[in-house]
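Participant: CSV, C-alpha atoms and all ligand atoms, saved as start.csv, coming up:
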chain,number,residue,atom,x,y,z
A,20,MET,CA,-1.2,-2.5,-19.9
A,21,ARG,CA,-1.0,1.2,-20.0
A,22,ALA,CA,2.2,2.9,-19.1
A,23,ALA,CA,3.7,6.3,-19.2
A,24,ASP,CA,0.9,7.3,-21.7
A,25,ASP,CA,1.4,11.0,-21.6
A,26,ASP,CA,4.3,11.6,-21.2
A,27,SER,CA,6.3,14.7,-20.9
A,28,ARG,CA,8.5,12.6,-18.6
A,29,PRO,CA,9.7,9.7,-20.7
A,30,SER,CA,12.8,9.5,-18.7
A,31,ARG,CA,11.0,8.7,-15.5
A,32,GLY,CA,13.4,6.6,-13.3
A,33,SER,CA,16.4,7.7,-15.3
A,34,ARG,CA,18.0,11.1,-15.6
A,35,GLY,CA,20.3,10.2,-18.4
A,36,ARG,CA,23.2,9.1,-16.1
A,37,PRO,CA,25.3,6.2,-17.3
A,38,PRO,CA,23.6,2.9,-16.5
A,39,LEU,CA,26.5,1.7,-14.4
A,40,LEU,CA,25.4,0.7,-11.0
A,41,SER,CA,27.8,1.2,-8.1
A,42,LEU,CA,28.9,-2.2,-7.1
A,43,ALA,CA,28.9,-1.4,-3.4
A,44,ARG,CA,25.3,-0.2,-3.7
A,45,LEU,CA,24.2,-3.2,-5.7
A,46,SER,CA,25.7,-5.6,-3.2
A,47,ARG,CA,24.1,-3.7,-0.2
A,48,TYR,CA,20.8,-3.6,-1.9
A,49,THR,CA,20.9,-7.2,-3.0
A,50,LEU,CA,21.8,-8.4,0.5
A,51,GLN,CA,19.1,-6.3,2.1
A,52,GLN,CA,16.3,-7.1,-0.2
A,53,GLY,CA,17.4,-10.7,-0.8
A,54,SER,CA,17.4,-11.4,2.9
A,55,ARG,CA,13.9,-9.9,3.2
A,56,VAL,CA,12.6,-12.1,0.4
A,57,ALA,CA,14.1,-15.1,2.1
A,58,LEU,CA,12.8,-14.2,5.6
A,59,TYR,CA,9.2,-13.6,4.4
A,60,THR,CA,9.1,-16.5,2.0
A,61,LEU,CA,10.2,-18.7,4.9
A,62,HIS,CA,7.4,-17.4,7.1
A,63,SER,CA,5.0,-18.0,4.3
A,64,GLU,CA,6.1,-21.6,3.9
A,65,VAL,CA,5.9,-22.3,7.6
A,66,MET,CA,2.5,-20.7,7.7
A,67,ARG,CA,1.3,-22.8,4.8
A,68,ARG,CA,2.4,-26.0,6.7
A,69,MET,CA,0.7,-24.8,9.9
A,70,ASN,CA,-2.5,-24.1,8.0
A,71,ARG,CA,-2.4,-27.6,6.5
A,72,ARG,CA,-2.2,-29.1,9.9
A,73,LEU,CA,-4.8,-26.8,11.4
A,74,GLN,CA,-7.2,-27.5,8.6
A,75,LYS,CA,-7.7,-31.1,9.8
A,76,ASP,CA,-9.6,-29.9,12.8
A,77,LEU,CA,-11.5,-27.1,11.1
A,78,PRO,CA,-14.6,-27.2,8.8
A,79,ASP,CA,-13.8,-27.6,5.1
A,80,THR,CA,-13.6,-24.4,3.2
A,81,PRO,CA,-14.9,-24.1,-0.4
A,82,GLU,CA,-12.4,-25.0,-3.1
A,83,VAL,CA,-10.5,-22.0,-4.4
A,84,VAL,CA,-11.3,-21.5,-8.1
A,85,PRO,CA,-9.1,-19.1,-10.1
A,86,ASP,CA,-11.0,-17.1,-12.8
A,87,GLY,CA,-8.1,-16.8,-15.2
A,88,PRO,CA,-4.4,-17.6,-15.6
A,89,LEU,CA,-2.1,-18.0,-12.6
A,90,PRO,CA,1.4,-16.7,-12.7
A,91,GLY,CA,4.0,-19.4,-11.9
A,92,GLN,CA,6.6,-19.1,-9.2
A,93,ARG,CA,9.2,-18.2,-11.7
A,94,ARG,CA,7.2,-15.4,-13.3
A,95,MET,CA,6.5,-13.9,-9.9
A,96,LEU,CA,10.1,-14.1,-8.8
A,97,ALA,CA,11.1,-12.4,-12.1
A,98,ASP,CA,8.6,-9.6,-11.5
A,99,ILE,CA,9.9,-9.1,-8.0
A,100,VAL,CA,13.5,-8.9,-9.3
A,101,ARG,CA,12.3,-6.4,-12.0
A,102,LEU,CA,10.7,-4.3,-9.3
A,103,PHE,CA,13.9,-4.3,-7.2
A,104,ALA,CA,16.0,-3.4,-10.3
A,105,GLU,CA,13.7,-0.4,-10.9
A,106,ASP,CA,13.9,0.5,-7.2
A,107,LEU,CA,17.7,0.5,-7.3
A,108,ARG,CA,17.7,2.4,-10.6
A,109,ALA,CA,15.7,5.2,-8.9
A,110,VAL,CA,18.3,5.2,-6.1
A,111,GLU,CA,21.1,5.4,-8.6
A,112,ASP,CA,19.3,8.2,-10.4
A,113,GLY,CA,19.2,10.1,-7.1
A,114,LEU,CA,15.4,10.2,-7.0
A,115,TYR,CA,15.4,8.8,-3.4
A,116,PRO,CA,18.1,7.5,-1.0
A,117,MET,CA,19.0,3.9,-0.4
A,118,PRO,CA,16.1,2.3,1.3
A,119,THR,CA,16.3,1.2,4.9
A,120,ASP,CA,13.8,-1.6,4.9
A,121,GLY,CA,14.4,-4.4,7.3
A,122,THR,CA,16.1,-2.4,10.0
A,123,MET,CA,14.1,-4.1,12.7
A,124,SER,CA,16.3,-5.0,15.7
A,125,PRO,CA,16.8,-8.8,16.1
A,126,ARG,CA,14.7,-8.6,19.2
A,127,GLU,CA,11.9,-6.9,17.5
A,128,LEU,CA,12.1,-9.3,14.6
A,129,ILE,CA,11.9,-12.3,16.8
A,130,ALA,CA,9.0,-10.8,18.8
A,131,THR,CA,7.0,-9.9,15.6
A,132,SER,CA,7.7,-13.3,14.1
A,133,ARG,CA,6.4,-15.1,17.2
A,134,ALA,CA,3.3,-12.9,17.3
A,135,PHE,CA,2.8,-13.6,13.7
A,136,PHE,CA,2.8,-17.4,14.2
A,137,ARG,CA,0.7,-17.1,17.4
A,138,ASP,CA,-2.0,-15.4,15.3
A,139,VAL,CA,-2.0,-18.0,12.4
A,140,PRO,CA,-4.5,-20.4,14.1
A,141,ASP,CA,-7.0,-17.6,14.8
A,142,VAL,CA,-6.8,-16.4,11.2
A,143,ALA,CA,-7.3,-20.0,10.0
A,144,ARG,CA,-10.3,-20.5,12.3
A,145,ARG,CA,-11.9,-17.3,11.0
A,146,ARG,CA,-11.3,-18.3,7.4
A,147,ALA,CA,-12.8,-21.8,8.0
A,148,THR,CA,-15.8,-20.5,9.9
A,149,GLY,CA,-16.3,-17.3,7.9
A,150,ALA,CA,-15.9,-15.3,11.1
A,151,HIS,CA,-15.2,-11.8,9.6
A,152,GLN,CA,-17.5,-9.7,11.8
A,153,GLU,CA,-15.9,-10.1,15.2
A,154,VAL,CA,-14.9,-6.5,15.5
A,155,ASN,CA,-18.4,-5.3,14.5
A,156,GLY,CA,-19.9,-6.1,17.9
A,157,ARG,CA,-17.3,-4.0,19.8
A,158,THR,CA,-18.4,-0.9,21.6
A,159,GLU,CA,-15.2,0.2,23.3
A,160,GLY,CA,-13.3,3.3,22.1
A,161,LEU,CA,-14.3,4.7,18.8
A,162,ALA,CA,-15.5,1.4,17.3
A,163,ASP,CA,-19.2,2.0,17.3
A,164,ALA,CA,-18.7,5.5,15.8
A,165,LEU,CA,-16.9,4.1,12.8
A,166,PRO,CA,-18.7,3.3,9.5
A,167,ARG,CA,-20.2,-0.1,9.2
A,168,TYR,CA,-18.1,-1.1,6.2
A,169,TYR,CA,-15.0,-0.4,8.2
A,170,ARG,CA,-15.9,-2.6,11.2
A,171,GLN,CA,-14.8,-5.9,9.8
A,172,ASN,CA,-12.0,-8.4,10.2
A,173,PHE,CA,-10.4,-7.5,6.8
A,174,HIS,CA,-8.1,-10.4,5.7
A,175,PHE,CA,-9.6,-12.3,8.7
A,176,GLN,CA,-7.0,-10.4,10.7
A,177,THR,CA,-7.4,-10.3,14.5
A,178,ASP,CA,-9.1,-7.0,15.6
A,179,GLY,CA,-9.5,-5.7,12.0
A,180,TRP,CA,-8.0,-2.2,12.0
A,181,LEU,CA,-9.0,-1.7,15.6
A,182,SER,CA,-6.1,-2.6,17.9
A,183,GLU,CA,-2.5,-1.8,18.4
A,184,ASP,CA,-1.6,-5.6,18.2
A,185,SER,CA,-3.1,-5.6,14.7
A,186,ALA,CA,-1.1,-2.4,13.8
A,187,ARG,CA,2.1,-3.9,15.0
A,188,LEU,CA,1.6,-7.1,13.0
A,189,TYR,CA,0.2,-5.5,9.9
A,190,ASP,CA,3.4,-4.7,8.0
A,191,PHE,CA,4.9,-8.1,8.7
A,192,GLN,CA,1.7,-9.9,7.5
A,193,VAL,CA,1.6,-7.9,4.3
A,194,ASP,CA,5.3,-8.7,3.7
A,195,VAL,CA,4.6,-12.4,4.2
A,196,LEU,CA,1.9,-12.0,1.6
A,197,PHE,CA,4.1,-10.1,-0.9
A,198,SER,CA,7.4,-11.9,-0.3
A,199,GLY,CA,9.0,-8.8,1.2
A,200,ALA,CA,8.4,-6.7,-1.8
A,201,THR,CA,5.8,-4.3,-0.2
A,202,ALA,CA,8.0,-1.4,0.5
A,203,ALA,CA,9.6,-1.5,-3.0
A,204,MET,CA,6.0,-1.4,-4.5
A,205,ARG,CA,5.1,1.6,-2.4
A,206,ARG,CA,8.3,3.4,-3.3
A,207,ARG,CA,7.3,3.4,-7.0
A,208,ALA,CA,5.1,6.3,-6.0
A,209,LEU,CA,8.2,8.2,-5.0
A,210,VAL,CA,9.3,8.3,-8.6
A,211,PRO,CA,6.6,10.8,-9.8
A,212,PHE,CA,6.8,12.4,-6.3
A,213,ALA,CA,10.5,13.2,-6.9
A,214,GLU,CA,9.8,14.7,-10.2
A,215,ILE,CA,7.0,16.9,-8.8
A,216,LEU,CA,9.4,18.1,-6.1
A,217,ARG,CA,12.2,18.8,-8.5
A,218,LYS,CA,10.4,21.9,-9.7
A,219,LYS,CA,9.3,23.1,-6.3
A,220,ASP,CA,10.5,24.3,-2.9
A,221,GLN,CA,9.8,21.2,-0.7
A,222,ARG,CA,9.1,23.4,2.3
A,223,LYS,CA,6.1,24.9,0.5
A,224,VAL,CA,4.6,21.7,-0.7
A,225,ALA,CA,1.4,20.6,1.1
A,226,TYR,CA,1.2,16.8,1.2
A,227,ALA,CA,-1.1,14.3,2.8
A,228,ASP,CA,-1.1,10.5,2.7
A,229,LEU,CA,-4.6,9.1,3.0
A,230,ALA,CA,-5.1,5.8,4.9
A,231,CYS,CA,-1.5,6.0,6.0
A,232,GLY,CA,-1.7,3.0,8.2
A,233,THR,CA,1.5,2.7,10.2
A,234,GLY,CA,3.3,5.1,7.8
A,235,GLY,CA,4.1,2.7,5.0
A,236,LEU,CA,4.5,5.5,2.4
A,237,LEU,CA,4.5,8.7,4.5
A,238,HIS,CA,7.7,7.7,6.4
A,239,PRO,CA,9.8,6.8,3.3
A,240,ALA,CA,8.5,9.9,1.6
A,241,LEU,CA,9.7,12.1,4.4
A,242,ALA,CA,13.0,10.2,4.6
A,243,ALA,CA,13.5,10.7,0.8
A,244,PHE,CA,12.6,14.4,0.7
A,245,PRO,CA,14.3,16.1,3.6
A,246,ARG,CA,12.4,19.3,3.7
A,247,LEU,CA,8.9,18.0,2.9
A,248,ARG,CA,6.2,18.0,5.6
A,249,GLY,CA,3.4,15.5,5.4
A,250,THR,CA,0.1,14.6,7.1
A,251,GLY,CA,-0.8,11.0,7.6
A,252,LEU,CA,-4.6,10.5,7.8
A,253,ASP,CA,-6.2,7.3,8.9
A,254,LEU,CA,-9.4,6.2,10.5
A,255,SER,CA,-7.7,3.8,12.9
A,256,GLU,CA,-6.4,5.4,16.1
A,257,PRO,CA,-4.2,2.4,17.0
A,258,TYR,CA,-2.6,2.4,13.5
A,259,LEU,CA,-1.9,6.1,13.9
A,260,LYS,CA,-0.4,5.5,17.3
A,261,VAL,CA,2.1,3.0,15.8
A,262,ALA,CA,2.7,5.4,12.9
A,263,ARG,CA,3.6,8.1,15.4
A,264,GLU,CA,6.0,5.8,17.3
A,265,ARG,CA,7.8,4.9,14.1
A,266,THR,CA,7.9,8.5,12.8
A,267,PRO,CA,11.3,9.2,11.4
A,268,SER,CA,10.9,13.0,11.5
A,269,ARG,CA,9.2,15.9,13.2
A,270,ARG,CA,7.9,16.9,9.7
A,271,ALA,CA,5.1,14.4,10.1
A,272,SER,CA,1.7,15.1,11.6
A,273,TYR,CA,-1.3,12.8,11.9
A,274,VAL,CA,-5.0,13.1,11.9
A,275,THR,CA,-7.8,10.7,12.6
A,276,ALA,CA,-10.4,11.2,9.8
A,277,MET,CA,-12.2,9.5,7.0
A,278,ALA,CA,-10.8,9.6,3.5
A,279,GLU,CA,-14.3,10.3,2.2
A,280,ASP,CA,-14.6,13.4,4.4
A,281,LEU,CA,-11.2,15.1,4.3
A,282,PRO,CA,-10.4,17.7,6.9
A,283,PHE,CA,-8.5,19.9,4.4
A,284,ALA,CA,-9.6,23.1,2.7
A,285,ASP,CA,-10.5,23.1,-0.9
A,286,ASN,CA,-7.6,23.6,-3.3
A,287,SER,CA,-5.1,23.4,-0.4
A,288,LEU,CA,-2.8,20.4,-1.2
A,289,ASP,CA,-0.1,19.9,-3.8
A,290,VAL,CA,0.2,16.1,-3.4
A,291,VAL,CA,-2.2,13.5,-2.1
A,292,SER,CA,-1.2,9.9,-2.0
A,293,CYS,CA,-2.9,6.7,-0.9
A,294,VAL,CA,-1.6,3.1,-0.8
A,295,PHE,CA,-3.8,0.0,-0.6
A,296,LEU,CA,-6.9,1.8,0.4
A,297,PHE,CA,-9.2,1.6,-2.6
A,298,HIS,CA,-9.6,-2.2,-2.6
A,299,GLU,CA,-10.8,-1.9,1.0
A,300,LEU,CA,-13.7,0.5,0.2
A,301,PRO,CA,-17.2,-0.1,-1.1
A,302,PRO,CA,-17.7,1.3,-4.6
A,303,ARG,CA,-19.8,4.2,-3.3
A,304,ILE,CA,-17.1,5.3,-0.8
A,305,ARG,CA,-14.4,5.0,-3.5
A,306,ARG,CA,-16.3,7.6,-5.5
A,307,GLN,CA,-16.6,9.9,-2.5
A,308,VAL,CA,-12.8,9.6,-1.8
A,309,ILE,CA,-12.0,10.5,-5.4
A,310,ALA,CA,-14.3,13.5,-5.3
A,311,GLU,CA,-12.8,14.6,-2.0
A,312,VAL,CA,-9.2,14.3,-3.4
A,313,ALA,CA,-10.1,16.3,-6.4
A,314,GLN,CA,-11.6,19.0,-4.2
A,315,VAL,CA,-8.7,19.4,-1.8
A,316,LEU,CA,-6.0,19.3,-4.5
A,317,LYS,CA,-4.8,22.6,-5.9
A,318,PRO,CA,-5.1,23.0,-9.6
A,319,GLY,CA,-2.1,21.2,-11.1
A,320,GLY,CA,-1.8,19.0,-8.0
A,321,SER,CA,-1.1,15.3,-8.1
A,322,PHE,CA,-2.8,12.2,-6.7
A,323,LEU,CA,-0.4,9.4,-6.3
A,324,PHE,CA,-2.1,6.0,-6.2
A,325,VAL,CA,-0.8,2.6,-5.3
A,326,ASP,CA,-3.1,-0.4,-5.0
A,327,SER,CA,-3.6,-4.0,-6.2
A,328,LEU,CA,-3.4,-4.7,-9.9
A,329,GLN,CA,-6.8,-4.8,-11.6
A,330,THR,CA,-8.1,-7.4,-13.9
A,331,GLY,CA,-6.4,-7.0,-17.3
A,332,ASP,CA,-3.5,-4.8,-16.1
A,333,VAL,CA,-1.2,-7.8,-16.4
A,334,PRO,CA,-3.3,-10.7,-17.8
A,335,ALA,CA,-1.0,-13.4,-16.4
A,336,TYR,CA,-2.0,-12.3,-12.9
A,337,ASP,CA,-5.8,-12.2,-13.5
A,338,GLY,CA,-6.4,-15.7,-11.9
A,339,LEU,CA,-4.3,-14.8,-8.8
A,340,LEU,CA,-6.3,-11.6,-8.3
A,341,SER,CA,-9.6,-13.5,-8.5
A,342,VAL,CA,-8.3,-16.0,-5.8
A,343,PHE,CA,-7.4,-13.3,-3.3
A,344,PRO,CA,-10.9,-12.6,-2.1
A,345,GLN,CA,-11.6,-16.3,-1.9
A,346,LEU,CA,-8.7,-16.7,0.6
A,347,PHE,CA,-9.0,-13.5,2.6
A,348,HIS,CA,-11.9,-11.5,3.8
A,349,GLU,CA,-11.9,-8.8,1.2
A,350,PRO,CA,-15.5,-7.8,0.7
A,351,TYR,CA,-14.8,-5.1,-1.8
A,352,PHE,CA,-11.9,-6.5,-3.7
A,353,THR,CA,-13.9,-8.1,-6.6
A,354,SER,CA,-15.6,-4.9,-7.4
A,355,TYR,CA,-12.3,-3.1,-7.1
A,356,LEU,CA,-10.8,-5.4,-9.8
A,357,ARG,CA,-13.2,-4.0,-12.4
A,358,GLU,CA,-13.5,-0.4,-11.2
A,359,ASP,CA,-12.7,2.1,-14.0
A,360,LEU,CA,-10.4,4.2,-11.9
A,361,THR,CA,-9.2,6.2,-14.9
A,362,GLY,CA,-12.8,7.1,-15.8
A,363,LEU,CA,-13.8,7.9,-12.2
A,364,CYS,CA,-10.9,10.2,-11.7
A,365,ALA,CA,-11.4,11.8,-15.1
A,366,ASP,CA,-15.1,12.5,-14.1
A,367,ASN,CA,-13.6,14.5,-11.2
A,368,ASP,CA,-11.1,16.4,-13.3
A,369,LEU,CA,-8.2,14.1,-12.3
A,370,GLN,CA,-6.4,13.0,-15.5
A,371,GLU,CA,-4.3,9.8,-15.4
A,372,SER,CA,-0.8,10.9,-16.5
A,373,TRP,CA,1.1,7.7,-15.7
A,374,MET,CA,0.4,4.1,-14.7
A,375,VAL,CA,2.8,1.2,-14.3
A,376,PRO,CA,2.4,-2.3,-12.8
A,377,ALA,CA,4.8,-3.1,-10.0
A,378,PHE,CA,4.7,-6.8,-9.2
A,379,VAL,CA,1.1,-7.2,-7.8
A,380,SER,CA,0.5,-3.4,-7.6
A,381,ARG,CA,-0.5,-0.7,-10.0
A,382,VAL,CA,1.1,2.7,-9.4
A,383,ALA,CA,-0.5,5.7,-11.0
A,384,GLU,CA,-0.4,9.5,-11.0
A,385,PHE,CA,-3.5,11.6,-11.7
A,386,ARG,CA,-3.2,15.3,-12.2
A,387,LYS,CA,-5.8,17.9,-11.5
A,388,SER,CA,-6.1,20.3,-14.4
A,389,GLY,CA,-4.8,23.8,-14.1
A,390,HIS,CA,-1.4,25.1,-13.1
A,391,SER,CA,0.1,25.1,-9.7
A,392,VAL,CA,1.3,28.4,-8.4
A,393,GLN,CA,4.5,28.5,-6.3
B,401,LIG,C1,-4.5,-2.0,3.8
B,401,LIG,S1,-4.2,-0.8,4.9
B,401,LIG,C2,-3.0,0.3,4.1
B,401,LIG,C3,-2.2,1.0,5.0
B,401,LIG,C4,-1.0,1.8,4.4
B,401,LIG,N1,-1.4,2.8,3.4
B,401,LIG,C5,0.0,0.9,3.7
B,401,LIG,O1,0.6,1.3,2.8
B,401,LIG,O2,0.2,-0.2,4.2
B,401,LIG,C6,-5.7,0.1,4.9
B,401,LIG,C7,-5.7,1.3,5.8
B,401,LIG,O3,-6.8,2.1,5.4
B,401,LIG,C8,-7.4,2.6,6.5
B,401,LIG,N2,-8.8,3.0,6.1
B,401,LIG,C9,-9.7,2.1,5.6
B,401,LIG,N3,-10.8,2.8,5.3
B,401,LIG,C10,-10.5,4.1,5.6
B,401,LIG,C11,-11.3,5.3,5.4
B,401,LIG,N4,-12.5,5.3,4.9
B,401,LIG,N5,-10.7,6.5,5.8
B,401,LIG,C12,-9.4,6.5,6.3
B,401,LIG,N6,-8.7,5.4,6.5
B,401,LIG,C13,-9.2,4.2,6.1
B,401,LIG,C14,-7.3,1.5,7.6
B,401,LIG,O4,-7.5,2.0,8.9
B,401,LIG,C15,-5.9,1.0,7.3
B,401,LIG,O5,-4.9,1.7,8.0
If you took the structure in this file and wrote it as structure tokens, what would it be?
Facilitator:
Amino acid sequence: MRAADDDSRPSRGSRGRPPLLSLARLSRYTLQQGSRVALYTLHSEVMRRMNRRLQKDLPDTPEVVPDGPLPGQRRMLADIVRLFAEDLRAVEDGLYPMPTDGTMSPRELIATSRAFFRDVPDVARRRATGAHQEVNGRTEGLADALPRYYRQNFHFQTDGWLSEDSARLYDFQVDVLFSGATAAMRRRALVPFAEILRKKDQRKVAYADLACGTGGLLHPALAAFPRLRGTGLDLSEPYLKVARERTPSRRASYVTAMAEDLPFADNSLDVVSCVFLFHELPPRIRRQVIAEVAQVLKPGGSFLFVDSLQTGDVPAYDGLLSVFPQLFHEPYFTSYLREDLTGLCADNDLQESWMVPAFVSRVAEFRKSGHSVQ
């Protein structure tokens, strides 16, 4: 595992304050995150039982074969706890405010939970029959203008990226998969972000989040940094519609565009982020995205990256990573696992300055050479 290789910033996550956590914050945080873990673990367990029952009436699926060690439940729980501890430490260090995850109203929570369970049989049917191209035949809206690799039922999800129903369910589904730890994994990227902003006037920082989805990183970033403006870019109109609805601030703007053909001028952005995009892209497109990011970043600008762990990042997870594309429609995941991101970025003048694992994610910062002027 590589971590904080460089680093002129060894204190990342700690600004030398006494390590005493405020008891009130600790209690609030523990209650908030603990109830999220409980909620999503419960959903995962119920879904597992539903799937077992549904399976009886569905064609047999090939046996899932891990290609490496699998982390036990205890190890995974310990890694989630470590992630939360780091998240809370960053709050204590004043890098970003106390998170507001899980502030869905009870009504919204019940409606989303019901929609989630209603969708389980359709996902199970797609998994059992290998039906992952349902959205490809669609012609309404923008669908037929979208690239072929994009028009698939990723994860076997209903409508792929192409409906509002899918956008409204997405975050809940991801949290069921990651036991409620998704937002905390994304927030690891706010640690280098906070340090970048420490030296700058936030109002003058040009920032874009690529493949922003429903605003998973853009929204917490704007909440954390009160003068920052940001642009969320995504190829899915319905996901952007939901992102707009959930926007916490007028400092956000949105654009429908492809990450491999960015609508920004060369050398115009200080910070570009992207979360959970690269494993969804064919290798050729990944290369194009990296080249585009390098082109639109200013000299000295930063590319903040969050995506799945790769093979070898945390060897205890290698088997689990190999199982993922056997359970979900993830056509490009296996190639992602072995992609040399550090090398690809370096080829495009983006030097990796930091990389840490965060539960099942890797979080990295790449810097474009040169000095930023502000
Ligand atoms: C797994 S979701 C991640 C969403 C969000 N970043 C998050 O943190 O949850 C992948 C997102 O990437 C978008 N996407 C996939 N390929 C894209 C591309 N080539 N250009 C722009 N967006 C893309 C999808 O529409 C979807 O919103």
Participant: For atom CA of Asp359 of chain A and atom CA of Leu328 of chain A, quote the distance in Å rounded to one decimal.
Facilitator: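 Result for atom CA of Asp359 of chain A versus atom CA of Leu328 of chain A: 12.2 Å, one decimal.
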Participant: Work out where the centre of an axis-aligned box around every listed atom of segment 191-204 of chain A lies and how long its edges are once 6 Å is added on each side; give both in Å to one decimal as AutoDock Vina command-line options.
Facilitator:
--center_x 5.6 --center_y -6.9 --center_z 2.1 --size_x 20.0 --size_y 23.0 --size_z 25.2
Participant: Residues within 8 Å of ligand LIG 401 (chain B), counting all atoms listed in the file: report them as a VMD selection string.
Facilitator: chain A and resid 166 169 180 to 181 189 to 190 193 205 228 to 236 252 to 255 258 to 259 275 to 279 293 to 296 299 to 300 304 308
Participant: Please produce, as JSON lines, a per-residue contact table for segment 159-207 of chain A versus segment 382-392 of chain A (criterion: any atom at most 10 Å away, all atoms listed in the file considered), showing the nearest atom pair and its distance in Å to one decimal, sorted by chain then residue number.
Facilitator:
{"residue": "A:Met204", "atom": "CA", "partner": "A:Val382", "partner_atom": "CA", "distance": 8.1}
{"residue": "A:Arg205", "atom": "CA", "partner": "A:Val382", "partner_atom": "CA", "distance": 8.1}
{"residue": "A:Arg206", "atom": "CA", "partner": "A:Val382", "partner_atom": "CA", "distance": 9.5}
{"residue": "A:Arg207", "atom": "CA", "partner": "A:Val382", "partner_atom": "CA", "distance": 6.7}
Participant: Output C-alpha atoms of each residue in that selection to a file, as a PDB file, in the coordinates of the input.
Facilitator:
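Saved result, out37.pdb, follows:
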ATOM      1  CA  MET A 204       6.000  -1.400  -4.500  1.00  0.00           C
ATOM      2  CA  ARG A 205       5.100   1.600  -2.400  1.00  0.00           C
ATOM      3  CA  ARG A 206       8.300   3.400  -3.300  1.00  0.00           C
ATOM      4  CA  ARG A 207       7.300   3.400  -7.000  1.00  0.00           C
TER       5      ARG A 207
END
Participant: Please provide the set of residues having any atom within 9 Å of Asp98 of chain A, restricted to only C-alpha atoms, with same-chain residues fewer than 4 positions apart removed, written as a list in words.
Facilitator: Arg93, Arg94, Leu102, Phe103, Ala377, Phe378 and Val379 of chain A
Participant: Could you check how far atom CA of Leu96 of chain A sits from atom CA of Pro376 of chain A, in Å to one decimal?
Facilitator: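 Pair atom CA of Leu96 of chain A / atom CA of Pro376 of chain A returns 14.6 Å.
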Participant: Given only C-alpha atoms as the basis, pick out the residue of A:Ser292, A:Val195, A:Gly156, A:Leu128 nearest to Pro211 of chain A.
Facilitator: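 Ranked by minimum distance to Pro211 of chain A, first place goes to A:Ser292.
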Participant: Which is closer to His151 of chain A than all the others in A:Arg108, A:Leu356, A:Ala203, A:Glu349, using all atoms listed in the file?
Facilitator: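 Checking each of A:Arg108, A:Leu356, A:Ala203, A:Glu349 against His151 of chain A, counting all atoms listed in the file, the winner is A:Glu349.
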Participant: Compare A:Arg265, A:Arg101, A:Arg71, A:Arg187 by their minimum atom-to-atom distance to Pro140 of chain A, counting all atoms listed in the file, and give me the closest one.
Facilitator: A:Arg71
Participant: Work out how far apart atom CA of Arg305 of chain A and atom CA of Val291 of chain A are and give it in Å to one decimal.
Facilitator: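 Answer for the atom CA of Arg305 of chain A to atom CA of Val291 of chain A separation: 14.9 Å.
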Participant: Which residue, A:Gln92, A:Ser272, A:Ser185, A:Thr266, has the smallest gap to Leu339 of chain A when you use all atoms listed in the file?
Facilitator: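 With all atoms listed in the file as the atom set, the closest residue is A:Gln92.
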Participant: Please identify all polymer residues within 9 Å of segment 118-126 of chain A, counting all atoms listed in the file, omitting same-chain residues fewer than 2 positions from it, and present them as a list in words.
Facilitator: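 That gives Tyr48, Gln51, Gln52, Ser54, Arg55, Asp106, Leu107, Val110, Tyr115, Pro116, Leu128, Ile129, Ala130, Thr131, Ala202, Ala203, Pro239 and Ala243 of chain A.
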Participant: Which one of A:Ser182, A:Ser327, A:Ser354, A:Asn367 sits closest to Ala310 of chain A if you count only C-alpha atoms?
Facilitator: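 Smallest separation from Ala310 of chain A among the options: A:Asn367.
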Participant: With all atoms listed in the file as the counted atoms, please give the residues lying no more than 12 Å from Arg269 of chain A, apart from itself and same-chain residues fewer than 5 positions off, as JSON, numbers by chain.
Facilitator: {"A": [238, 241, 242, 245, 246, 247, 248, 249, 250, 263, 264]}
Participant: Env of segment 82-86 of chain A: 10 Å cut, atoms = all atoms listed in the file, seq-sep filter 3 positions within chain, self excluded. Answer as a VMD selection string.
Facilitator: chain A and resid 79 89 337 to 346
Participant: May I have the residues from that selection written out with C-alpha atoms, as a short mmCIF file (atom, residue, chain, number, x, y, z; two decimals), in the frame of the given file?
Facilitator:
data_model
loop_
_atom_site.label_atom_id
_atom_site.label_comp_id
_atom_site.auth_asym_id
_atom_site.auth_seq_id
_atom_site.Cartn_x
_atom_site.Cartn_y
_atom_site.Cartn_z
CA ASP A 79 -13.80 -27.60 5.10
CA LEU A 89 -2.10 -18.00 -12.60
CA ASP A 337 -5.80 -12.20 -13.50
CA GLY A 338 -6.40 -15.70 -11.90
CA LEU A 339 -4.30 -14.80 -8.80
CA LEU A 340 -6.30 -11.60 -8.30
CA SER A 341 -9.60 -13.50 -8.50
CA VAL A 342 -8.30 -16.00 -5.80
CA PHE A 343 -7.40 -13.30 -3.30
CA PRO A 344 -10.90 -12.60 -2.10
CA GLN A 345 -11.60 -16.30 -1.90
CA LEU A 346 -8.70 -16.70 0.60
#
